[in-house]
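K.L.:
Have a look at the structure that comes next, please.
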Amino acid sequence: MKFKPHASWILVPDPIVTETKSGIILDEETAKENARNTNVLEVIAAGEHCHFAKAGDTVMIDPRTEAIKATIDGGNYLLVSEHQILGKW
């Protein structure tokens, strides 16, 4: 991916899944509820001022975080400020 977040922003995959692996389409409320329980995500890209996380890290993000939704290269992602990271593996 060529996209590079600015400053201390990180790019993570959007955890909202609208269809199960078996092909069942989930209603919007169910999809959002499932996403609320998914706050451990892999960092896809990190801005040049990120000191804690880098691409490839698995991080736990504060579940109350408001993120910026973005569609990049056909994929759904979230932009989150690095200070919303609670920890990493």
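Chain lettering (A, B, ...) mirrors the order of the structure tokens, residue numbering begins at 1 for each chain separately, and ligand numbering begins at 1 in order of display.
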What parts of chain A does DSSP call strand (DSSP E)? I'd like the answer as JSON, numbers by chain.
P.N.:
{"A": [9, 10, 11, 12, 13, 40, 41, 42, 45, 46, 58, 59, 60, 61, 68, 69, 70, 71, 72, 75, 76, 77, 78, 79, 80, 81, 85, 86, 87, 88]}
K.L.:
May I have the residues within 12 Å of A:Glu66 as a list in words, using only C-alpha atoms and disregarding those fewer than 6 positions away in the same chain?
P.N.:
Arg36, Leu78, Leu79, Val80, Ser81 and Gln84 of chain A
K.L.:
Pick from A:His83, A:Asp27, A:Val12, A:Gly74: nearest to A:Asp57, with only C-alpha atoms counted?
P.N.:
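The answer is A:Val12, which sits nearest to A:Asp57.
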K.L.:
Would you pick out the contacts of A:Ala7 at 12 Å or less, using only C-alpha atoms, so that residues sharing its chain but fewer than 2 positions from it are not included, and give the list as a ChimeraX atom specification?
P.N.:
/A:4-5,9-11,45-51,79-83
K.L.:
Can those selected residues be exported to a file as a tab-separated table (two decimals), in the first residue's frame so that it contains all heavy atoms?
P.N.:
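Printed below is part30.tsv as written:
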```tsv
chain	number	residue	atom	x	y	z
A	4	LYS	N	0.30	6.73	3.06
A	4	LYS	CA	1.07	6.98	4.28
A	4	LYS	C	0.31	8.00	5.12
A	4	LYS	O	0.10	9.13	4.69
A	4	LYS	CB	2.45	7.52	3.90
A	4	LYS	CG	3.36	7.79	5.06
A	4	LYS	CD	3.99	6.53	5.56
A	4	LYS	CE	5.08	6.87	6.57
A	4	LYS	NZ	5.57	5.73	7.25
A	5	PRO	N	-0.14	7.63	6.32
A	5	PRO	CA	-0.84	8.59	7.18
A	5	PRO	C	0.08	9.74	7.57
A	5	PRO	O	1.30	9.59	7.64
A	5	PRO	CB	-1.21	7.77	8.41
A	5	PRO	CG	-1.13	6.36	7.98
A	5	PRO	CD	-0.08	6.30	6.93
A	9	TRP	N	-0.89	9.62	12.98
A	9	TRP	CA	-2.08	8.82	12.66
A	9	TRP	C	-1.66	7.43	12.22
A	9	TRP	O	-0.60	7.25	11.61
A	9	TRP	CB	-2.89	9.49	11.56
A	9	TRP	CG	-3.57	10.73	12.02
A	9	TRP	CD1	-3.03	12.00	12.04
A	9	TRP	CD2	-4.88	10.85	12.56
A	9	TRP	NE1	-3.94	12.88	12.55
A	9	TRP	CE2	-5.09	12.21	12.87
A	9	TRP	CE3	-5.90	9.94	12.81
A	9	TRP	CZ2	-6.27	12.67	13.42
A	9	TRP	CZ3	-7.08	10.41	13.34
A	9	TRP	CH2	-7.26	11.75	13.65
A	10	ILE	N	-2.50	6.44	12.54
A	10	ILE	CA	-2.26	5.08	12.07
A	10	ILE	C	-3.45	4.62	11.24
A	10	ILE	O	-4.58	5.10	11.41
A	10	ILE	CB	-2.01	4.08	13.23
A	10	ILE	CG1	-3.23	3.98	14.16
A	10	ILE	CG2	-0.75	4.45	14.00
A	10	ILE	CD1	-3.18	2.82	15.11
A	11	LEU	N	-3.20	3.71	10.34
A	11	LEU	CA	-4.23	3.13	9.48
A	11	LEU	C	-4.42	1.67	9.89
A	11	LEU	O	-3.45	0.91	9.95
A	11	LEU	CB	-3.80	3.21	8.01
A	11	LEU	CG	-4.81	2.76	6.97
A	11	LEU	CD1	-5.94	3.79	6.85
A	11	LEU	CD2	-4.14	2.57	5.63
A	45	ALA	N	-0.42	0.98	8.24
A	45	ALA	CA	0.55	2.03	7.97
A	45	ALA	C	0.55	3.00	9.14
A	45	ALA	O	-0.46	3.14	9.84
A	45	ALA	CB	0.20	2.77	6.68
A	46	ALA	N	1.69	3.66	9.36
A	46	ALA	CA	1.82	4.62	10.46
A	46	ALA	C	2.48	5.89	9.96
A	46	ALA	O	3.37	5.84	9.09
A	46	ALA	CB	2.62	4.02	11.61
A	47	GLY	N	2.05	7.03	10.50
A	47	GLY	CA	2.62	8.32	10.12
A	47	GLY	C	4.05	8.47	10.60
A	47	GLY	O	4.53	7.73	11.47
A	48	GLU	N	4.73	9.48	10.06
A	48	GLU	CA	6.16	9.67	10.35
A	48	GLU	C	6.43	10.09	11.80
A	48	GLU	O	7.55	9.94	12.27
A	48	GLU	CB	6.77	10.71	9.38
A	48	GLU	CG	6.22	12.12	9.53
A	48	GLU	CD	4.96	12.40	8.73
A	48	GLU	OE1	4.39	11.49	8.12
A	48	GLU	OE2	4.52	13.56	8.75
A	49	HIS	N	5.43	10.57	12.52
A	49	HIS	CA	5.64	10.97	13.92
A	49	HIS	C	5.14	9.94	14.93
A	49	HIS	O	5.08	10.23	16.12
A	49	HIS	CB	4.98	12.33	14.19
A	49	HIS	CG	5.60	13.45	13.41
A	49	HIS	ND1	6.91	13.84	13.57
A	49	HIS	CD2	5.08	14.23	12.44
A	49	HIS	CE1	7.17	14.83	12.73
A	49	HIS	NE2	6.07	15.08	12.03
A	50	CYS	N	4.79	8.77	14.47
A	50	CYS	CA	4.38	7.70	15.38
A	50	CYS	C	5.62	7.14	16.07
A	50	CYS	O	6.59	6.75	15.41
A	50	CYS	CB	3.65	6.58	14.63
A	50	CYS	SG	2.01	7.04	14.08
A	51	HIS	N	5.59	7.13	17.39
A	51	HIS	CA	6.74	6.65	18.15
A	51	HIS	C	6.48	5.29	18.78
A	51	HIS	O	7.42	4.59	19.16
A	51	HIS	CB	7.12	7.65	19.25
A	51	HIS	CG	7.49	8.98	18.71
A	51	HIS	ND1	8.67	9.21	18.04
A	51	HIS	CD2	6.83	10.15	18.70
A	51	HIS	CE1	8.74	10.47	17.66
A	51	HIS	NE2	7.61	11.07	18.05
A	79	LEU	N	-8.70	5.51	10.18
A	79	LEU	CA	-7.56	6.32	10.60
A	79	LEU	C	-7.78	6.67	12.06
A	79	LEU	O	-8.83	7.20	12.43
A	79	LEU	CB	-7.44	7.58	9.76
A	79	LEU	CG	-6.83	7.37	8.39
A	79	LEU	CD1	-7.18	8.51	7.47
A	79	LEU	CD2	-5.33	7.23	8.52
A	80	VAL	N	-6.79	6.36	12.90
A	80	VAL	CA	-6.89	6.56	14.34
A	80	VAL	C	-5.63	7.28	14.80
A	80	VAL	O	-4.53	6.97	14.36
A	80	VAL	CB	-7.01	5.19	15.06
A	80	VAL	CG1	-7.10	5.37	16.55
A	80	VAL	CG2	-8.20	4.40	14.54
A	81	SER	N	-5.81	8.21	15.73
A	81	SER	CA	-4.65	8.88	16.31
A	81	SER	C	-3.86	7.90	17.17
A	81	SER	O	-4.45	7.09	17.90
A	81	SER	CB	-5.12	10.06	17.15
A	81	SER	OG	-4.02	10.71	17.73
A	82	GLU	N	-2.55	7.97	17.10
A	82	GLU	CA	-1.71	7.03	17.85
A	82	GLU	C	-1.98	7.07	19.35
A	82	GLU	O	-1.86	6.05	20.03
A	82	GLU	CB	-0.23	7.31	17.57
A	82	GLU	CG	0.68	6.30	18.23
A	82	GLU	CD	2.15	6.59	18.05
A	82	GLU	OE1	2.55	7.77	18.11
A	82	GLU	OE2	2.90	5.63	17.85
A	83	HIS	N	-2.38	8.20	19.89
A	83	HIS	CA	-2.60	8.27	21.34
A	83	HIS	C	-3.82	7.47	21.79
A	83	HIS	O	-4.03	7.29	22.99
A	83	HIS	CB	-2.67	9.73	21.83
A	83	HIS	CG	-3.95	10.42	21.55
A	83	HIS	ND1	-4.22	11.04	20.36
A	83	HIS	CD2	-5.05	10.57	22.32
A	83	HIS	CE1	-5.44	11.56	20.42
A	83	HIS	NE2	-5.97	11.29	21.59
```
K.L.:
Applying 9 Å and only C-alpha atoms, which residues near A:Leu41 remain after dropping the ones on its own chain fewer than 3 positions away? List them as a list in words.
P.N.:
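Listed by chain and then number, they are Val12, Pro13, Asp14, Pro15, Thr38, Asp57, Thr58, Val59, Met60 and Ile61 of chain A.
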K.L.:
Can you list, as a PDB file with N, CA and C atoms, in the first residue's frame, all residues belonging to chain A that DSSP tags as alpha helix (DSSP H)?
P.N.:
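File written: part-v2.pdb
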```pdb
ATOM      1  N   GLU A  28     -27.038  -3.937   9.506  1.00  0.00           N
ATOM      2  CA  GLU A  28     -26.082  -2.909   9.897  1.00  0.00           C
ATOM      3  C   GLU A  28     -25.860  -2.867  11.413  1.00  0.00           C
ATOM      4  N   GLU A  29     -26.915  -3.030  12.185  1.00  0.00           N
ATOM      5  CA  GLU A  29     -26.792  -2.980  13.639  1.00  0.00           C
ATOM      6  C   GLU A  29     -25.942  -4.130  14.171  1.00  0.00           C
ATOM      7  N   THR A  30     -26.147  -5.330  13.647  1.00  0.00           N
ATOM      8  CA  THR A  30     -25.357  -6.495  14.065  1.00  0.00           C
ATOM      9  C   THR A  30     -23.894  -6.309  13.690  1.00  0.00           C
ATOM     10  N   ALA A  31     -23.651  -5.813  12.490  1.00  0.00           N
ATOM     11  CA  ALA A  31     -22.279  -5.586  12.037  1.00  0.00           C
ATOM     12  C   ALA A  31     -21.568  -4.582  12.948  1.00  0.00           C
ATOM     13  N   LYS A  32     -22.250  -3.505  13.313  1.00  0.00           N
ATOM     14  CA  LYS A  32     -21.644  -2.501  14.194  1.00  0.00           C
ATOM     15  C   LYS A  32     -21.417  -3.046  15.593  1.00  0.00           C
ATOM     16  N   GLU A  33     -22.336  -3.848  16.097  1.00  0.00           N
ATOM     17  CA  GLU A  33     -22.191  -4.441  17.428  1.00  0.00           C
ATOM     18  C   GLU A  33     -20.980  -5.381  17.457  1.00  0.00           C
ATOM     19  N   ASN A  34     -20.818  -6.194  16.413  1.00  0.00           N
ATOM     20  CA  ASN A  34     -19.663  -7.091  16.329  1.00  0.00           C
ATOM     21  C   ASN A  34     -18.364  -6.299  16.279  1.00  0.00           C
ATOM     22  N   ALA A  35     -18.369  -5.174  15.570  1.00  0.00           N
ATOM     23  CA  ALA A  35     -17.167  -4.354  15.448  1.00  0.00           C
ATOM     24  C   ALA A  35     -16.783  -3.720  16.785  1.00  0.00           C
ATOM     25  N   ARG A  36     -17.759  -3.401  17.621  1.00  0.00           N
ATOM     26  CA  ARG A  36     -17.473  -2.811  18.934  1.00  0.00           C
ATOM     27  C   ARG A  36     -16.673  -3.770  19.807  1.00  0.00           C
TER      28      ARG A  36
END
```
